[in-house]
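Asks: Next comes the structure file target39.csv, holding CSV, C-alpha atoms.
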chain,number,residue,atom,x,y,z
A,1,MET,CA,0.0,0.0,0.0
A,2,LEU,CA,2.9,2.4,0.8
A,3,ASP,CA,4.3,2.0,-2.7
A,4,LYS,CA,0.9,3.0,-4.2
A,5,LEU,CA,0.6,6.0,-1.9
A,6,GLN,CA,4.1,7.2,-2.8
A,7,ALA,CA,3.3,6.9,-6.5
A,8,ILE,CA,0.1,9.0,-5.9
A,9,LYS,CA,2.1,11.7,-4.0
A,10,GLU,CA,4.6,11.9,-6.9
A,11,ARG,CA,1.7,12.2,-9.4
A,12,PHE,CA,0.1,14.9,-7.1
A,13,GLU,CA,3.4,16.9,-7.3
A,14,GLU,CA,3.6,16.4,-11.1
A,15,VAL,CA,0.0,17.6,-11.6
A,16,GLY,CA,0.7,20.6,-9.3
A,17,GLN,CA,3.4,21.6,-11.8
A,18,LEU,CA,1.4,20.9,-14.9
A,19,ILE,CA,-1.7,22.9,-13.8
A,20,VAL,CA,0.2,26.2,-13.7
A,21,MET,CA,1.9,25.8,-17.1
A,22,PRO,CA,0.6,28.3,-19.8
A,23,GLU,CA,-0.4,25.5,-22.2
A,24,SER,CA,-2.7,23.9,-19.5
A,25,MET,CA,-4.3,27.3,-18.6
A,26,ALA,CA,-4.9,28.0,-22.3
A,27,ASP,CA,-6.9,24.8,-22.7
A,28,MET,CA,-9.9,25.0,-20.4
A,29,SER,CA,-10.9,21.3,-20.9
A,30,LYS,CA,-7.3,20.2,-20.0
A,31,TYR,CA,-7.1,22.7,-17.1
A,32,ALA,CA,-10.5,21.4,-15.7
A,33,LYS,CA,-9.3,17.8,-15.8
A,34,LEU,CA,-6.0,18.6,-14.1
A,35,ASN,CA,-7.7,20.7,-11.5
A,36,LYS,CA,-10.1,17.9,-10.6
A,37,GLU,CA,-7.3,15.3,-10.5
A,38,TYR,CA,-5.3,17.7,-8.2
A,39,LYS,CA,-8.2,18.1,-5.8
A,40,ASP,CA,-8.9,14.3,-5.8
A,41,LEU,CA,-5.2,13.4,-5.1
A,42,GLU,CA,-4.9,16.2,-2.5
A,43,LYS,CA,-7.3,14.3,-0.2
A,44,ILE,CA,-5.2,11.2,-0.3
A,45,VAL,CA,-1.8,13.0,0.0
A,46,LYS,CA,-2.9,14.9,3.0
A,47,ILE,CA,-3.8,11.8,4.9
A,48,TYR,CA,-0.7,9.9,3.6
A,49,ASP,CA,1.5,12.7,4.9
A,50,GLU,CA,0.0,12.4,8.4
A,51,TYR,CA,0.3,8.6,8.1
A,52,VAL,CA,4.1,8.8,7.3
A,53,LEU,CA,4.5,11.2,10.3
A,54,VAL,CA,2.7,8.8,12.6
A,55,LEU,CA,4.9,5.9,11.4
A,56,GLN,CA,8.0,8.0,12.1
A,57,ASN,CA,6.9,9.0,15.6
A,58,LEU,CA,6.0,5.4,16.3
A,59,THR,CA,9.6,4.3,15.4
A,60,SER,CA,11.1,7.1,17.5
A,61,SER,CA,8.9,6.2,20.6
A,62,LYS,CA,9.9,2.5,20.3
A,63,GLU,CA,13.6,3.4,20.0
A,64,ILE,CA,13.3,5.5,23.2
A,65,LEU,CA,11.8,2.6,25.1
A,66,ASP,CA,14.6,0.3,23.8
A,67,THR,CA,17.5,2.6,24.7
A,68,GLU,CA,16.4,5.2,27.2
A,69,LYS,CA,17.0,4.6,30.9
A,70,ASP,CA,15.3,7.8,32.2
A,71,ALA,CA,11.9,6.8,33.7
A,72,GLU,CA,10.3,10.1,32.7
A,73,PHE,CA,11.3,9.8,29.1
A,74,ARG,CA,10.2,6.2,29.0
A,75,GLU,CA,6.7,7.2,30.4
A,76,MET,CA,6.4,9.9,27.8
A,77,ALA,CA,7.2,7.4,25.0
A,78,LYS,CA,4.7,4.9,26.3
A,79,SER,CA,2.0,7.6,26.4
A,80,GLU,CA,2.8,8.6,22.9
A,81,LEU,CA,2.6,5.0,21.7
A,82,GLU,CA,-0.8,4.6,23.2
A,83,GLU,CA,-2.1,7.6,21.2
A,84,LEU,CA,-0.3,6.8,18.0
A,85,ARG,CA,-1.2,3.1,17.6
A,86,PRO,CA,-5.0,3.7,17.3
A,87,ARG,CA,-4.4,6.7,15.1
A,88,LYS,CA,-2.3,4.6,12.8
A,89,ILE,CA,-5.2,2.1,12.4
A,90,GLU,CA,-7.7,4.9,11.7
A,91,LEU,CA,-5.5,6.4,9.0
A,92,GLU,CA,-4.9,3.0,7.4
A,93,GLU,CA,-8.6,2.4,7.1
A,94,GLU,CA,-9.2,5.9,5.6
A,95,LEU,CA,-6.4,5.4,3.1
A,96,LYS,CA,-7.9,2.0,2.1
A,97,GLN,CA,-11.2,3.6,1.4
A,98,LEU,CA,-9.6,6.4,-0.6
A,99,LEU,CA,-7.5,4.0,-2.7
A,100,ILE,CA,-10.6,2.1,-3.8
A,101,PRO,CA,-10.9,2.7,-7.6
A,102,LYS,CA,-13.5,5.4,-8.2
A,103,ASP,CA,-16.0,5.5,-11.0
A,104,PRO,CA,-15.3,8.9,-12.6
A,105,ASN,CA,-19.0,9.3,-13.3
A,106,ASP,CA,-20.1,9.0,-9.6
A,107,SER,CA,-20.3,12.7,-9.1
A,108,LYS,CA,-22.4,13.4,-12.2
A,109,ASP,CA,-26.1,14.0,-12.5
A,110,CYS,CA,-28.1,11.3,-14.2
A,111,ILE,CA,-30.8,10.3,-16.5
A,112,LEU,CA,-33.5,8.0,-14.9
A,113,GLU,CA,-35.5,5.9,-17.3
A,114,ILE,CA,-38.4,3.6,-16.1
A,115,ARG,CA,-40.3,1.3,-18.5
A,116,GLY,CA,-43.1,-1.1,-17.8
A,117,GLY,CA,-42.2,-4.6,-18.9
A,118,ALA,CA,-43.9,-8.0,-18.8
A,119,GLY,CA,-47.4,-7.8,-17.2
A,120,GLY,CA,-49.4,-5.4,-19.3
A,121,ASP,CA,-51.4,-2.8,-17.4
A,122,GLU,CA,-50.0,-4.0,-14.0
A,123,ALA,CA,-46.4,-3.4,-15.3
A,124,SER,CA,-47.3,0.2,-16.2
A,125,ILE,CA,-48.9,0.7,-12.7
A,126,PHE,CA,-45.7,-0.7,-11.1
A,127,ALA,CA,-43.5,1.5,-13.2
A,128,GLY,CA,-45.5,4.4,-11.7
A,129,ASP,CA,-45.0,3.1,-8.2
A,130,LEU,CA,-41.2,2.9,-8.8
A,131,PHE,CA,-41.1,6.4,-10.2
A,132,ARG,CA,-42.9,7.7,-7.0
A,133,MET,CA,-40.4,5.7,-4.9
A,134,TYR,CA,-37.5,7.4,-6.6
A,135,GLU,CA,-39.2,10.8,-6.6
A,136,ARG,CA,-39.6,10.4,-2.8
A,137,PHE,CA,-36.0,9.3,-2.4
A,138,CYS,CA,-34.8,12.3,-4.3
A,139,GLU,CA,-36.8,14.6,-2.0
A,140,LEU,CA,-35.1,12.9,1.0
A,141,GLN,CA,-31.7,13.5,-0.5
A,142,GLY,CA,-32.4,17.1,-1.5
A,143,TRP,CA,-32.0,16.3,-5.2
A,144,LYS,CA,-33.9,17.9,-8.1
A,145,LEU,CA,-35.9,15.6,-10.3
A,146,THR,CA,-37.3,16.9,-13.6
A,147,VAL,CA,-39.5,14.8,-15.9
A,148,LEU,CA,-38.4,15.0,-19.6
A,149,ASP,CA,-40.9,12.7,-21.3
A,150,LEU,CA,-43.6,10.2,-20.4
A,151,THR,CA,-46.2,7.9,-21.8
A,152,PHE,CA,-49.1,7.1,-19.6
A,153,GLY,CA,-50.4,3.5,-19.1
A,154,THR,CA,-54.0,2.8,-20.1
A,155,ALA,CA,-54.9,1.8,-16.5
A,156,GLY,CA,-52.6,4.2,-14.7
A,157,GLY,CA,-48.8,4.5,-14.1
A,158,TYR,CA,-46.5,4.8,-17.1
A,159,LYS,CA,-45.5,2.8,-20.0
A,160,GLU,CA,-42.3,4.9,-20.0
A,161,ILE,CA,-41.1,7.9,-18.0
A,162,ILE,CA,-37.7,9.6,-18.4
A,163,ALA,CA,-36.3,12.2,-15.9
A,164,THR,CA,-33.1,14.0,-15.0
A,165,VAL,CA,-31.8,13.9,-11.4
A,166,SER,CA,-29.3,16.6,-10.3
A,167,GLY,CA,-27.5,16.9,-7.0
A,168,ALA,CA,-24.5,15.7,-5.1
A,169,ASP,CA,-23.2,12.3,-6.1
A,170,VAL,CA,-26.5,11.4,-7.8
A,171,TYR,CA,-25.1,8.8,-10.2
A,172,GLY,CA,-22.9,7.3,-7.6
A,173,MET,CA,-25.9,6.3,-5.5
A,174,LEU,CA,-28.6,5.7,-8.1
A,175,LYS,CA,-26.5,3.6,-10.5
A,176,TYR,CA,-27.2,0.5,-8.3
A,177,GLU,CA,-30.9,0.8,-9.3
A,178,SER,CA,-30.3,-0.2,-13.0
A,179,GLY,CA,-31.9,-3.5,-13.9
A,180,VAL,CA,-35.2,-5.3,-13.8
A,181,HIS,CA,-37.5,-4.8,-10.8
A,182,ARG,CA,-40.2,-7.5,-10.2
A,183,VAL,CA,-43.4,-7.1,-8.3
A,184,GLN,CA,-45.6,-9.8,-6.9
A,185,ARG,CA,-49.1,-8.7,-5.8
A,186,VAL,CA,-52.8,-9.0,-6.6
A,187,PRO,CA,-53.5,-6.5,-9.4
A,188,ALA,CA,-56.5,-4.1,-9.1
A,189,THR,CA,-57.8,-5.7,-12.3
A,190,GLU,CA,-57.7,-9.3,-10.8
A,191,SER,CA,-61.2,-10.4,-9.9
A,192,GLN,CA,-60.2,-13.8,-8.2
A,193,GLY,CA,-57.5,-12.4,-5.9
A,194,ARG,CA,-54.6,-14.2,-7.5
A,195,VAL,CA,-51.1,-13.0,-7.1
A,196,HIS,CA,-49.5,-11.9,-10.4
A,197,THR,CA,-45.8,-11.2,-11.2
A,198,SER,CA,-45.0,-8.2,-13.3
A,199,ALA,CA,-41.8,-6.3,-14.0
A,200,ALA,CA,-40.4,-2.9,-14.9
A,201,SER,CA,-37.0,-2.0,-16.1
A,202,VAL,CA,-34.9,0.9,-14.7
A,203,ALA,CA,-31.9,2.4,-16.4
A,204,VAL,CA,-29.7,5.0,-14.7
A,205,LEU,CA,-27.3,6.8,-17.1
A,206,PRO,CA,-24.6,9.3,-16.1
A,207,GLU,CA,-25.3,12.7,-17.7
A,208,MET,CA,-22.5,13.3,-20.2
A,209,ASP,CA,-21.4,16.7,-21.5
A,210,GLU,CA,-20.4,17.7,-25.0
A,211,VAL,CA,-16.7,17.3,-24.4
A,212,GLU,CA,-17.1,13.7,-23.2
A,213,VAL,CA,-19.5,12.5,-25.9
A,214,ASN,CA,-19.2,14.3,-29.2
A,215,ILE,CA,-22.2,14.0,-31.5
A,216,ASP,CA,-22.0,14.7,-35.2
A,217,MET,CA,-25.3,16.7,-35.7
A,218,ASN,CA,-25.3,15.6,-39.4
A,219,ASP,CA,-26.2,12.1,-38.0
A,220,VAL,CA,-29.2,13.5,-36.1
A,221,ARG,CA,-32.6,14.1,-37.5
A,222,LYS,CA,-34.7,16.7,-35.5
A,223,ASP,CA,-38.5,16.6,-35.7
A,224,THR,CA,-40.8,19.0,-33.8
A,225,TYR,CA,-44.4,18.5,-32.9
A,226,CYS,CA,-47.1,19.7,-30.5
A,227,SER,CA,-46.8,18.5,-27.0
A,228,SER,CA,-49.6,16.3,-25.6
A,229,GLY,CA,-51.1,15.5,-22.2
A,230,PRO,CA,-50.9,17.7,-19.1
A,231,GLY,CA,-48.5,20.6,-19.6
A,232,GLY,CA,-50.2,24.0,-19.6
A,233,GLN,CA,-51.3,26.4,-22.3
A,234,SER,CA,-48.6,25.4,-24.9
A,235,VAL,CA,-50.1,21.9,-25.2
A,236,ASN,CA,-51.3,21.3,-28.8
A,237,THR,CA,-50.7,25.0,-29.7
A,238,THR,CA,-47.0,25.3,-30.5
A,239,TYR,CA,-44.4,22.9,-32.0
A,240,SER,CA,-42.3,22.9,-28.8
A,241,ALA,CA,-41.8,19.1,-28.4
A,242,VAL,CA,-38.7,17.7,-29.9
A,243,ARG,CA,-37.8,14.3,-31.3
A,244,LEU,CA,-34.2,13.4,-32.1
A,245,THR,CA,-33.3,10.4,-34.1
A,246,HIS,CA,-29.6,9.3,-34.2
A,247,ASN,CA,-29.3,7.7,-37.6
A,248,PRO,CA,-26.2,5.5,-37.1
A,249,THR,CA,-27.7,3.7,-34.0
A,250,GLY,CA,-31.4,4.2,-34.5
A,251,LEU,CA,-31.8,5.8,-31.1
A,252,VAL,CA,-34.8,8.0,-30.7
A,253,VAL,CA,-35.2,10.6,-27.9
A,254,THR,CA,-38.2,12.8,-27.2
A,255,CYS,CA,-38.7,15.7,-24.8
A,256,GLN,CA,-41.8,17.9,-24.3
A,257,ASP,CA,-41.2,19.1,-20.8
A,258,GLU,CA,-40.5,22.7,-21.6
A,259,LYS,CA,-42.6,25.3,-23.5
A,260,SER,CA,-39.5,26.3,-25.3
A,261,GLN,CA,-38.4,24.2,-28.3
A,262,ILE,CA,-34.8,25.2,-27.7
A,263,LYS,CA,-34.8,24.0,-24.1
A,264,ASN,CA,-36.5,20.7,-25.1
A,265,PHE,CA,-33.8,20.2,-27.8
A,266,GLU,CA,-31.0,20.8,-25.2
A,267,LYS,CA,-32.6,18.3,-22.8
A,268,ALA,CA,-33.1,15.7,-25.5
A,269,LEU,CA,-29.5,16.1,-26.6
A,270,LYS,CA,-28.4,15.3,-23.0
A,271,VAL,CA,-30.4,12.1,-23.0
A,272,LEU,CA,-29.0,11.1,-26.4
A,273,ARG,CA,-25.4,11.7,-25.2
A,274,SER,CA,-26.0,9.5,-22.2
A,275,ARG,CA,-27.5,6.7,-24.2
A,276,LEU,CA,-24.6,6.8,-26.7
A,277,TYR,CA,-22.2,6.7,-23.8
A,278,GLU,CA,-24.0,3.6,-22.5
A,279,ILE,CA,-23.6,1.8,-25.9
A,280,GLU,CA,-19.9,2.6,-26.0
A,281,LEU,CA,-19.5,1.5,-22.4
A,282,ALA,CA,-21.2,-1.8,-23.2
A,283,LYS,CA,-18.8,-2.4,-26.1
A,284,HIS,CA,-15.9,-1.7,-23.8
A,285,ASN,CA,-17.2,-4.2,-21.2
A,286,ASP,CA,-17.7,-6.8,-23.8
A,287,ALA,CA,-14.1,-6.3,-25.0
A,288,VAL,CA,-12.8,-7.0,-21.6
A,289,GLY,CA,-15.4,-9.7,-20.9
A,290,ALA,CA,-12.7,-12.1,-19.6
A,291,GLN,CA,-12.6,-9.9,-16.5
A,292,ARG,CA,-16.1,-10.5,-15.1
A,293,LYS,CA,-17.9,-7.3,-14.2
A,294,SER,CA,-19.1,-6.9,-10.6
A,295,MET,CA,-22.8,-7.9,-10.4
A,296,VAL,CA,-23.3,-5.2,-7.8
A,297,GLY,CA,-22.1,-2.4,-10.1
A,298,SER,CA,-22.7,-3.8,-13.6
A,299,GLY,CA,-25.8,-1.7,-14.2
A,300,ASP,CA,-27.0,-4.1,-16.8
A,301,ARG,CA,-30.6,-3.2,-17.5
A,302,SER,CA,-31.4,-6.9,-18.3
A,303,ASP,CA,-30.4,-8.2,-14.8
A,304,LYS,CA,-33.2,-9.1,-12.4
A,305,ILE,CA,-32.1,-7.2,-9.3
A,306,ARG,CA,-35.0,-6.8,-6.9
A,307,THR,CA,-38.3,-8.3,-6.0
A,308,TYR,CA,-41.2,-6.5,-4.2
A,309,ASN,CA,-43.6,-9.0,-2.7
A,310,TYR,CA,-46.7,-7.3,-1.4
A,311,PRO,CA,-48.5,-10.2,0.3
A,312,GLN,CA,-45.4,-10.7,2.6
A,313,SER,CA,-44.4,-7.0,2.7
A,314,ARG,CA,-41.0,-8.3,1.6
A,315,VAL,CA,-38.3,-6.7,-0.6
A,316,THR,CA,-35.3,-8.8,-1.7
A,317,ASP,CA,-32.2,-7.6,-3.5
A,318,HIS,CA,-30.9,-10.6,-5.4
A,319,ARG,CA,-27.4,-9.3,-5.9
A,320,ILE,CA,-26.5,-9.3,-2.2
A,321,ASN,CA,-29.3,-11.6,-0.9
A,322,LYS,CA,-30.6,-8.8,1.3
A,323,THR,CA,-34.2,-9.0,2.4
A,324,VAL,CA,-36.3,-6.6,4.4
A,325,TYR,CA,-39.9,-6.7,5.6
A,326,ASN,CA,-40.9,-3.1,5.4
A,327,LEU,CA,-42.2,-2.8,1.8
A,328,PRO,CA,-44.4,0.3,2.5
A,329,GLU,CA,-41.4,2.3,3.8
A,330,VAL,CA,-39.3,1.1,0.8
A,331,MET,CA,-42.0,2.3,-1.7
A,332,ASP,CA,-42.0,5.6,0.2
A,333,GLY,CA,-38.4,6.2,-0.8
A,334,GLN,CA,-36.6,4.4,2.0
A,335,ILE,CA,-34.1,2.6,-0.3
A,336,GLY,CA,-30.9,4.0,1.4
A,337,GLU,CA,-30.3,0.8,3.3
A,338,PHE,CA,-30.1,-1.2,0.0
A,339,ILE,CA,-27.8,1.4,-1.6
A,340,SER,CA,-25.5,1.5,1.4
A,341,ALA,CA,-25.2,-2.3,1.4
A,342,LEU,CA,-24.6,-2.5,-2.4
A,343,ARG,CA,-22.0,0.2,-2.2
A,344,PHE,CA,-20.2,-1.7,0.7
A,345,ALA,CA,-20.3,-4.9,-1.3
A,346,GLU,CA,-18.9,-3.3,-4.4
A,347,ASN,CA,-16.1,-1.5,-2.4
A,348,LEU,CA,-15.2,-4.7,-0.7
A,349,GLU,CA,-14.9,-6.4,-4.0
A,350,LYS,CA,-12.8,-3.6,-5.4
A,351,MET,CA,-10.5,-3.7,-2.4
A,352,GLN,CA,-9.9,-7.5,-2.9
A,353,THR,CA,-9.3,-7.3,-6.6
A,354,SER,CA,-7.0,-4.3,-6.4
A,355,GLY,CA,-4.9,-5.6,-3.6
A,356,ILE,CA,-5.6,-2.7,-1.3
A,357,GLU,CA,-5.9,-4.9,1.8
A,358,GLU,CA,-2.3,-6.0,1.5
Any chance you could put this one into C-alpha cells?
Replies:
Amino acid sequence: MLDKLQAIKERFEEVGQLIVMPESMADMSKYAKLNKEYKDLEKIVKIYDEYVLVLQNLTSSKEILDTEKDAEFREMAKSELEELRPRKIELEEELKQLLIPKDPNDSKDCILEIRGGAGGDEASIFAGDLFRMYERFCELQGWKLTVLDLTFGTAGGYKEIIATVSGADVYGMLKYESGVHRVQRVPATESQGRVHTSAASVAVLPEMDEVEVNIDMNDVRKDTYCSSGPGGQSVNTTYSAVRLTHNPTGLVVTCQDEKSQIKNFEKALKVLRSRLYEIELAKHNDAVGAQRKSMVGSGDRSDKIRTYNYPQSRVTDHRINKTVYNLPEVMDGQIGEFISALRFAENLEKMQTSGIEE
C-alpha cells in the first residue's frame, strides 16, 4: 500500500506543476481535468503525509523505550505510543477507502428511465410506483428531479417515463438501481384475488457533457411536434416538443417538458449523449469480458435485481441476498439501506481485486 501511496504523491506533485503551465491554462478542458485530479489526489496525499509522520513517531517512541534509561522519558514514550497506535489504524482504514478505484461518473447528475415490462397494465402501474419511490428518495436527498418525457399507461402508471436527477453524487448512488425490478401482488384488475408477477426496467445513465461525448449533428434528425397530455397552455398549440433520431444507431429521444423548443432540444440532446455513452461502455465491457464485471455495479438493465412481494411485505435484492420486511417504507423512498449495502459490497470487491488490503 505504501508504494501505491508514494506513487500517488509523486503524481500529485507532477499535476501541481502541470496545472500552472501556460499551455494547460490556455486549454480549459485540460485545465479542468487537471484541477479535478489535483483536488482528488490532494485528499489522499494529506492523509498519507499524516500517516508517514505517525509511522516516524512510532519508530522514535519505540527506540526511546529500547534505549532510554530515564523513567520520565520512557513514560512519555509509552503515552505517545498509546495515542499513535489507534491513530495509525484509523489512517490505514481511511487510506484503504480512498484507494478504492472510483467510478469517474459517480459525481455526475443522471438520466433516470423507467419502463413497464412484462405484465401489461399492471407493469405500467408498477412503473408508476417505482417512479414515485425514486421521486420520494430524491426529495429525502435534497436532489432535483425533472421529468423530460412520459407515456401514460392505459390503466394508470407509465409505459415509459424519463427524468433527469441533479444533486450531489447522484449517479454514484442511483446507479445501483439499474436493472429489472419485479413485483408480486394482486392487481387491481384481478377479480379472483390471485397474485401476479409483473416487471419494470430501470436504467440509470450518467449525464454526459459535449466534451465527453461528441455527437455529429449531421447524423441526427430533428423533428418538432405539438406536446400532448398535461402541460399548460402550450399543449397542442405550438411545436415545442422535440424528437431526435440518431441515424447510425437508430436511437430515438423525445422531450416535451418545456414550453421552449430550444430547451427541449437541449434536454433531449443530454439524454442522447448519455445513451450513446452507455452503448460505448457496453462495447468496452464486452471487449474485456474475460474480466467479469461486478454484479453489484454492472448496471445491466437486463439483470433481475430486486423483487417486491406485497403479500409478505417483503423486498429482496438478489445481488447481495438482502431481504427486508418493510415494503411500505421502501416504496415511500426508504431505499438508502439497500444502496449502502450495495456500495459496501462493491467497495469490498474492489479492495480485494486491487490488492488494497495488503
Asks: What is the distance, in Å and to one decimal place, between CA of Thr254 (chain A) and CA of Cys226 (chain A)?
Replies: 11.7 Å
Asks: Step by step: start from the point (1.1, 6.3, -1.7) in the file's coordinates, keep every protein, DNA or RNA residue that has an atom no farther than 10 Å from it, count all atoms listed in the file, and write the set as an mmCIF file with C-alpha atoms, keeping the file's coordinate frame.
Replies:
data_model
loop_
_atom_site.group_PDB
_atom_site.id
_atom_site.type_symbol
_atom_site.label_atom_id
_atom_site.label_comp_id
_atom_site.auth_asym_id
_atom_site.auth_seq_id
_atom_site.Cartn_x
_atom_site.Cartn_y
_atom_site.Cartn_z
ATOM 1 C CA MET A 1 0.000 0.000 0.000
ATOM 2 C CA LEU A 2 2.900 2.400 0.800
ATOM 3 C CA ASP A 3 4.300 2.000 -2.700
ATOM 4 C CA LYS A 4 0.900 3.000 -4.200
ATOM 5 C CA LEU A 5 0.600 6.000 -1.900
ATOM 6 C CA GLN A 6 4.100 7.200 -2.800
ATOM 7 C CA ALA A 7 3.300 6.900 -6.500
ATOM 8 C CA ILE A 8 0.100 9.000 -5.900
ATOM 9 C CA LYS A 9 2.100 11.700 -4.000
ATOM 10 C CA GLU A 10 4.600 11.900 -6.900
ATOM 11 C CA ARG A 11 1.700 12.200 -9.400
ATOM 12 C CA ILE A 44 -5.200 11.200 -0.300
ATOM 13 C CA VAL A 45 -1.800 13.000 0.000
ATOM 14 C CA ILE A 47 -3.800 11.800 4.900
ATOM 15 C CA TYR A 48 -0.700 9.900 3.600
ATOM 16 C CA ASP A 49 1.500 12.700 4.900
ATOM 17 C CA VAL A 52 4.100 8.800 7.300
ATOM 18 C CA LEU A 95 -6.400 5.400 3.100
ATOM 19 C CA LEU A 99 -7.500 4.000 -2.700
#
Asks: Can you pull out the residues contacting region 248-253 of chain A? Cut-off 7 Å, using only C-alpha atoms, and skip same-chain residues under 4 positions away; I want them as a list in words.
Replies: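 What passes the distance filter is Asp219, Arg243, Leu244, Ala268 and Leu272 of chain A.
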Asks: So that I can check the surroundings of Ala188 (chain A), please list as a list in words every protein, DNA and RNA residue that reaches within 12 Å of it, counting only C-alpha atoms and ignoring chain neighbours fewer than 2 positions away.
Replies: Asp121, Glu122, Ala123, Ile125, Phe126, Ala155, Gly156, Arg185, Val186, Glu190, Ser191, Gln192, Gly193, Arg194, Val195 and His196 of chain A
Asks: Please provide as a PDB file with C-alpha atoms, in the frame of the given file all residues within 9 Å of region 170-176 of chain A, with the sequence filter that same-chain residues fewer than 6 positions apart are discarded (counting only C-alpha atoms).
Replies:
ATOM      1  CA  ASP A 103     -16.000   5.500 -11.000  1.00  0.00           C
ATOM      2  CA  ASN A 105     -19.000   9.300 -13.300  1.00  0.00           C
ATOM      3  CA  ASP A 106     -20.100   9.000  -9.600  1.00  0.00           C
ATOM      4  CA  SER A 107     -20.300  12.700  -9.100  1.00  0.00           C
ATOM      5  CA  LYS A 108     -22.400  13.400 -12.200  1.00  0.00           C
ATOM      6  CA  ASP A 109     -26.100  14.000 -12.500  1.00  0.00           C
ATOM      7  CA  CYS A 110     -28.100  11.300 -14.200  1.00  0.00           C
ATOM      8  CA  ILE A 111     -30.800  10.300 -16.500  1.00  0.00           C
ATOM      9  CA  LEU A 112     -33.500   8.000 -14.900  1.00  0.00           C
ATOM     10  CA  TRP A 143     -32.000  16.300  -5.200  1.00  0.00           C
ATOM     11  CA  ALA A 203     -31.900   2.400 -16.400  1.00  0.00           C
ATOM     12  CA  VAL A 204     -29.700   5.000 -14.700  1.00  0.00           C
ATOM     13  CA  LEU A 205     -27.300   6.800 -17.100  1.00  0.00           C
ATOM     14  CA  PRO A 206     -24.600   9.300 -16.100  1.00  0.00           C
ATOM     15  CA  GLU A 207     -25.300  12.700 -17.700  1.00  0.00           C
ATOM     16  CA  VAL A 296     -23.300  -5.200  -7.800  1.00  0.00           C
ATOM     17  CA  GLY A 297     -22.100  -2.400 -10.100  1.00  0.00           C
ATOM     18  CA  SER A 298     -22.700  -3.800 -13.600  1.00  0.00           C
ATOM     19  CA  GLY A 299     -25.800  -1.700 -14.200  1.00  0.00           C
ATOM     20  CA  GLY A 336     -30.900   4.000   1.400  1.00  0.00           C
ATOM     21  CA  PHE A 338     -30.100  -1.200   0.000  1.00  0.00           C
ATOM     22  CA  ILE A 339     -27.800   1.400  -1.600  1.00  0.00           C
ATOM     23  CA  SER A 340     -25.500   1.500   1.400  1.00  0.00           C
ATOM     24  CA  LEU A 342     -24.600  -2.500  -2.400  1.00  0.00           C
ATOM     25  CA  ARG A 343     -22.000   0.200  -2.200  1.00  0.00           C
TER      26      ARG A 343
END
Asks: How many Å separate CA of Thr197 (chain A) from CA of Ala118 (chain A)?
Replies: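 Interatomic distance here is 8.5 Å.
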Asks: I want to know what sits within 10 Å of Arg314 (chain A), based on all atoms listed in the file, with residues of the same chain fewer than 3 positions away left out; could you give that as an MDAnalysis selection string?
Replies: chainID A and resid 184 307:311 323:328 330
Asks: Using CA of Pro104 (chain A) and CA of Val165 (chain A) as the two end points, give the distance in Å to one decimal.
Replies: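 Spanning CA of Pro104 (chain A) to CA of Val165 (chain A) is a straight-line distance of 17.3 Å.
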Asks: Which of these residues is nearest to Ser198 (chain A), using only C-alpha atoms: A:Gly16, A:Gly179, A:Gly117, A:Pro22?
Replies: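 Closest to Ser198 (chain A), using only C-alpha atoms: A:Gly117.
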Asks: Which neighbours of Thr224 (chain A) fall inside 10 Å, counting only C-alpha atoms, when residues of the same chain fewer than 6 positions from it are skipped, and could you give them as a PDB file with C-alpha atoms, in the frame of the given file?
Replies:
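Dumped everything to around-v3.pdb:
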ATOM      1  CA  THR A 238     -47.000  25.300 -30.500  1.00  0.00           C
ATOM      2  CA  TYR A 239     -44.400  22.900 -32.000  1.00  0.00           C
ATOM      3  CA  SER A 240     -42.300  22.900 -28.800  1.00  0.00           C
ATOM      4  CA  ALA A 241     -41.800  19.100 -28.400  1.00  0.00           C
ATOM      5  CA  VAL A 242     -38.700  17.700 -29.900  1.00  0.00           C
ATOM      6  CA  ARG A 243     -37.800  14.300 -31.300  1.00  0.00           C
ATOM      7  CA  LEU A 244     -34.200  13.400 -32.100  1.00  0.00           C
ATOM      8  CA  THR A 254     -38.200  12.800 -27.200  1.00  0.00           C
ATOM      9  CA  CYS A 255     -38.700  15.700 -24.800  1.00  0.00           C
ATOM     10  CA  GLN A 256     -41.800  17.900 -24.300  1.00  0.00           C
ATOM     11  CA  GLN A 261     -38.400  24.200 -28.300  1.00  0.00           C
ATOM     12  CA  ASN A 264     -36.500  20.700 -25.100  1.00  0.00           C
ATOM     13  CA  PHE A 265     -33.800  20.200 -27.800  1.00  0.00           C
TER      14      PHE A 265
END
Asks: Here is a test: counting only C-alpha atoms, which residue of A:Arg306, A:Pro187, A:Arg273, A:Ser24 is nearest to Asp216 (chain A)?
Replies: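 Selected residue with least distance to Asp216 (chain A): A:Arg273.
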Asks: With 6 Å as the threshold, what does the neighbourhood of (-2.0, 13.9, -9.6) contain in terms of residues, counting only C-alpha atoms? Coordinates are those of the file; answer as a list in words.
Replies: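 The residues that fall inside the cut-off are Arg11, Phe12, Val15, Glu37, Tyr38 and Leu41 of chain A.
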Asks: In terms of the shortest atom-to-atom distance over only C-alpha atoms, which of A:Lys88, A:Lys350, A:Lys283, A:Arg182 is closest to Val315 (chain A)?
Replies: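 Distance minimum relative to Val315 (chain A) lands on A:Arg182.
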Asks: Counting only C-alpha atoms, which of A:Lys46, A:Arg221, A:Lys62, A:Arg115 gets nearest to Asp149 (chain A)?
Replies: A:Arg115
Asks: Under the rule that only C-alpha atoms are counted, which of A:Ala341, A:Leu148, A:Tyr277, A:Asp66 is the nearest residue to Lys263 (chain A)?
Replies: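 For Lys263 (chain A), the nearest of the given residues is A:Leu148.
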